[in-house]
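Q: I have a structure I would like to understand better, so I am pasting it below and will then ask my questions one at a time.
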Amino acid sequence: MDIRLVNLTKIFADKNSEVRAVDNLNIDIPSGKLIGLLGPSGCGKSTTLYMIAGLHEPSSGQIFFGDEDVTALPPERRGIGLVFQNYALYPHMTVRQNIMFPLQNMKLEKDVIAARTIKYARLVGIEELLDRKPKQLSGGQQQRVAIARALVKEPKVLLLDEPLSNLDARLRLQTREEIRRIQRETGITTIFVTHDQEEAMSISDEIVVMKFGLEQQTDAPQKVYDNPKNLFVAKFLGTPPINVFSGYVHDGGLFIGEDRIGDTNLSDQEVTIGIRPEGFEVSEEGIMNIHVKQIERIGRDMSVIAVNPFSEKDTFRFIIESDVELQENTDVKVLIKPRKCFVFHKVTEERLQ
Amino acid sequence: MVEGNKTRNFWRGMLYLSPAIILLLVFTFYPVIQTFVISFNYGYNYALTRFGFFAPYNPEGWGFANYAKIFSEGNPFVQCLLNTIIIVFVSVPISIMLSLLIAVALNSIKPLQKFLQTIFFLPYVTNTIAIGMVFSVMFESEQGLMNTFLNLMGQSSVNWLGGNPDASILFDSQFFTSLIVLTTYIVWNSLPFKVIILLSSLQSVDRQYYQAAQIDGTTKFRTFTKITVPLLSPQIFYLLITSFIGAFKEYTSVVAIFGDRAESVGSHNNMGTVVWYIYEYLKGNRSGAATTGYAAAGAVVLFFIILFFTGINKIIEKKKVHF
């Protein structure tokens, strides 16, 4: 089941002001894929999810499931499963009763209900916990129960609202693999919302990056990372984050201060330059002068905190192999890998090169 | 050192608690014990009481005579007990169900919610006696609102509150019409507190439970019975226990509606409750006999009845409310 959002807009209005939570969103979500809606808090990603679920009514625009326009359909007739951020498991019911609940609403046969409950409990790996109450479960287990409850009616679309935000770091890693596995096994079109770029990139087939209700870029995670459309997307993806410098174009050359770091066919102008942390290489033939302030060795590689007067922040951070000879508080030259270096318009922050 | 601190903290705690403890000892525990003692003393004379444990008990009167007397024929206690039990088992379930429905309805509307909330709370802050008098006017046998309404509908007047000799012919119907008025009043008067308690706990229920139920296609009725009621069950049981006790102690409503005619409604019937009986007999009955012992015995009986039903409620609560 593919999903299409057409000019989807949601305006929250009160007496004094109105907020465009989602602004003219156009997204095609291919069938059977795992899609991450990604953006900082308040960017409208959860609102978008709730509109797809039918819990929020769009101010304008349409939502299509396949060829069917579901914009006016109530949530229960859309055939979706939704996993809430805090899971919303009914506290007075056992795990079994929680999972059975949607099936009982559908008035299925008793043995069908029992069989399906077991099937989905097994899929998410909680069949030994069926007679416990939600309070007796860990966060990760509650999460699985919530997923089982969403899947048990065999919906066409699975929606997850910040599915990992209530879990600790280790569980998060494990649970995201689990979500990926369940999605693969069931082949269900899945949309999940997150503010954590690593989370989104690691398991999504495609990510949709949003900012202030506007879609910024939609593509496979690696493509978005390698080819950001604008400075916001470039900054939002990647840890450590991209390093931003103010530079300029002069006579076909790209400059940061005095250093000519590359060639360009852009006309002469001031630009903003972003360089990924892995885009630096310490070398005698380096083209950019920096001052190494501090070195953090973490075994696999080495994180260098350096200073350059044209950097957006006081210091910037890049990552190189751990066997490079380097001293703290020295001036060094670095090479810039062209593929890791992006040029943005000074004002509009759109990608120029 | 640590031991010393503990002892000092204990005595400090006792010091802070002492005003309340002393007041409770004087005004609650001493009277409770006295009540038990008096209930076993026949012919105890209220008028000669001095303060202290050596009040003028009747030296020959020890035993169960008071209990035998109040349960004997001709004494209105049994009628009062019956009235009370009917009031409890009719008014408590009705008022809890009604207040639950009102709370859910109030919670589901957005405009005017605060306004309606205030309206539903008004009876709580209005004088009970005043409302009772309004009720007795509404149910007045000649020109009362209810009878006017019944007449408009083509029905004949009902002698709601008794006192009319003609009505005494129909013993039963008179009893029940009076009881209907009394129960209506009690239910109506106890709604506001329950509505407020249930409404505030409804408003603290996570909306996502309802959204989850909606997505799963749960009907309104099933959402109410399977989600709302279980989630409110701690509050419902709290209300059940407190209003059970409250209804067993019903008194003001009787006085407010029937005034001092409560014992002779319809000339045959007594609309009194157990607490009404206790007050009536505490000061000695109208012929001047010393009846304080009857009142004490009645109070002890009431105490054990309330203890019994609260115990049952607690057992059910343990079984039904857990999450």
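To be explicit about the labels: the chains of the structure tokens are called A, B, and onward in the order shown, and within each one the residues are counted from 1, while ligands get numbers from 1 in the order they are shown.
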Excluding Glu142 in chain B and residues on its chain fewer than 2 positions from it, collect all residues at most 12 Å away from it, counting only C-alpha atoms, and give them as a list of chain:residue names.
A: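 These residues fall inside the cut-off: B:Ser136, B:Val137, B:Met138, B:Phe139, B:Glu140, B:Gly144, B:Leu145, B:Met146, B:Asn147, B:Thr148, B:Phe149, B:Leu150, B:Asn151, B:Ser156, B:Ser157, B:Val158, B:Asn159, B:Trp160, B:Leu161, B:Gly162, B:Gly163, B:Asn164.
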Q: Near chain A, meaning an atom within 10 Å, which residues of chain B appear when counting only C-alpha atoms? Write them as a list in words.
A: Asp206, Arg207, Gln208, Tyr209, Tyr210, Gln211, Ala212, Ala213, Gln214, Ile215, Asp216, Gly217, Thr218, Thr219, Arg222, Lys226, Ile227, Pro230, Leu231, Ser233, Lys320, Val321, His322 and Phe323 of chain B
Q: Ranking B:Ile33, B:Leu25, B:Leu82, B:Val181 by minimum distance to Gly132 in chain B and counting only C-alpha atoms, which one comes first?
A: B:Val181
Q: Please list as a list in words every residue within 8 Å of Phe64 in chain A, counting only C-alpha atoms and excluding residues in the same chain fewer than 4 positions away.
A: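 Those residues are Ile3, Arg4, Leu5, Val6, Glu68, Asp69, Val70 and Thr71 of chain A.
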Q: Given the choices B:Gly311, B:Pro19, B:Gly246, B:Gly63, which gets closest to Val92 in chain B if the distance is worked out from only C-alpha atoms?
A: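 Counting only C-alpha atoms, the residue closest to Val92 in chain B is B:Gly246.
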Q: Using DSSP on the backbone, list every residue of range 71-217 of chain A that comes out as alpha helix (DSSP H), and give them as a count of residues only.
A: 63
Q: Would you pick out the contacts of Asp131 in chain A at 12 Å or less, using only C-alpha atoms, so that residues sharing its chain but fewer than 5 positions from it are not included, and give the list as a list in words?
A: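 With the cut-off at 12 Å, the set is His92, Met93, Thr94, Val95, Arg96, Gln97, Asn98, Ile99, Ile118, Ala121, Ile126, Gln136, Leu137 and Val145 of chain A.
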Q: What's around Val134 in chain B at 10 Å? Count only C-alpha atoms, leave out sequence neighbours fewer than 6 positions away in its own chain, and write the answer as a list in words.
A: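 Surrounding residues, per the criterion: Thr128, Glu140, Ala256 and Ile257 of chain B.
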Q: Would you save the residues from that selection as a PDB file, in the first residue's frame, using N, CA and C atoms?
A:
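Output (selection-v5.pdb):
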ATOM      1  N   THR B 128     -28.171  22.770  52.816  1.00  0.00           N
ATOM      2  CA  THR B 128     -28.968  21.548  52.681  1.00  0.00           C
ATOM      3  C   THR B 128     -30.403  21.757  53.141  1.00  0.00           C
ATOM      4  N   GLU B 140     -45.240  19.453  47.542  1.00  0.00           N
ATOM      5  CA  GLU B 140     -46.377  19.768  48.409  1.00  0.00           C
ATOM      6  C   GLU B 140     -47.651  19.150  47.828  1.00  0.00           C
ATOM      7  N   ALA B 256     -34.788  18.069  56.702  1.00  0.00           N
ATOM      8  CA  ALA B 256     -35.015  19.145  55.745  1.00  0.00           C
ATOM      9  C   ALA B 256     -36.338  18.971  55.026  1.00  0.00           C
ATOM     10  N   ILE B 257     -36.707  17.749  54.705  1.00  0.00           N
ATOM     11  CA  ILE B 257     -37.929  17.545  53.922  1.00  0.00           C
ATOM     12  C   ILE B 257     -39.153  17.378  54.819  1.00  0.00           C
TER      13      ILE B 257
END
Q: Excluding Val193 in chain A and its own-chain neighbours fewer than 3 positions away, which residues fall within 7 Å of it when counting only C-alpha atoms? Please give them as a PDB file with N, CA, C and O atoms, in the first residue's frame.
A:
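Okay, this is what ended up in around_31.pdb:
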ATOM      1  N   GLY A  36      11.372   7.073   7.480  1.00  0.00           N
ATOM      2  CA  GLY A  36      11.569   7.864   8.681  1.00  0.00           C
ATOM      3  C   GLY A  36      11.218   9.323   8.433  1.00  0.00           C
ATOM      4  O   GLY A  36      11.732   9.929   7.499  1.00  0.00           O
ATOM      5  N   LEU A  37      10.315   9.858   9.254  1.00  0.00           N
ATOM      6  CA  LEU A  37      10.048  11.300   9.217  1.00  0.00           C
ATOM      7  C   LEU A  37      10.978  11.932  10.234  1.00  0.00           C
ATOM      8  O   LEU A  37      10.886  11.663  11.426  1.00  0.00           O
ATOM      9  N   LEU A  38      11.874  12.781   9.766  1.00  0.00           N
ATOM     10  CA  LEU A  38      12.969  13.240  10.599  1.00  0.00           C
ATOM     11  C   LEU A  38      12.973  14.763  10.670  1.00  0.00           C
ATOM     12  O   LEU A  38      12.786  15.439   9.662  1.00  0.00           O
ATOM     13  N   LYS A  45       6.477  16.824  12.273  1.00  0.00           N
ATOM     14  CA  LYS A  45       6.535  15.421  11.853  1.00  0.00           C
ATOM     15  C   LYS A  45       5.476  14.574  12.556  1.00  0.00           C
ATOM     16  O   LYS A  45       4.815  13.750  11.934  1.00  0.00           O
ATOM     17  N   SER A  46       5.277  14.809  13.861  1.00  0.00           N
ATOM     18  CA  SER A  46       4.238  14.052  14.567  1.00  0.00           C
ATOM     19  C   SER A  46       2.850  14.438  14.073  1.00  0.00           C
ATOM     20  O   SER A  46       1.966  13.588  13.937  1.00  0.00           O
ATOM     21  N   LEU A 160       4.580   4.689  13.658  1.00  0.00           N
ATOM     22  CA  LEU A 160       5.254   4.688  14.964  1.00  0.00           C
ATOM     23  C   LEU A 160       5.654   6.113  15.323  1.00  0.00           C
ATOM     24  O   LEU A 160       6.345   6.776  14.553  1.00  0.00           O
ATOM     25  N   ASP A 161       5.211   6.560  16.501  1.00  0.00           N
ATOM     26  CA  ASP A 161       5.528   7.918  16.939  1.00  0.00           C
ATOM     27  C   ASP A 161       6.699   7.854  17.914  1.00  0.00           C
ATOM     28  O   ASP A 161       6.548   7.346  19.020  1.00  0.00           O
ATOM     29  N   GLU A 162       7.835   8.376  17.510  1.00  0.00           N
ATOM     30  CA  GLU A 162       9.054   8.373  18.340  1.00  0.00           C
ATOM     31  C   GLU A 162       9.216   7.025  19.062  1.00  0.00           C
ATOM     32  O   GLU A 162       9.242   6.964  20.291  1.00  0.00           O
TER      33      GLU A 162
END
Q: Extract the full set of strand (DSSP E or B) residues from range 13-253 of chain A according to DSSP on the backbone, and format it as number ranges by chain.
A: A: 13, 18-29, 34-38, 60-65, 68-69, 80-83, 157-161, 189-194, 206-211, 214-219, 230, 243-250, 253
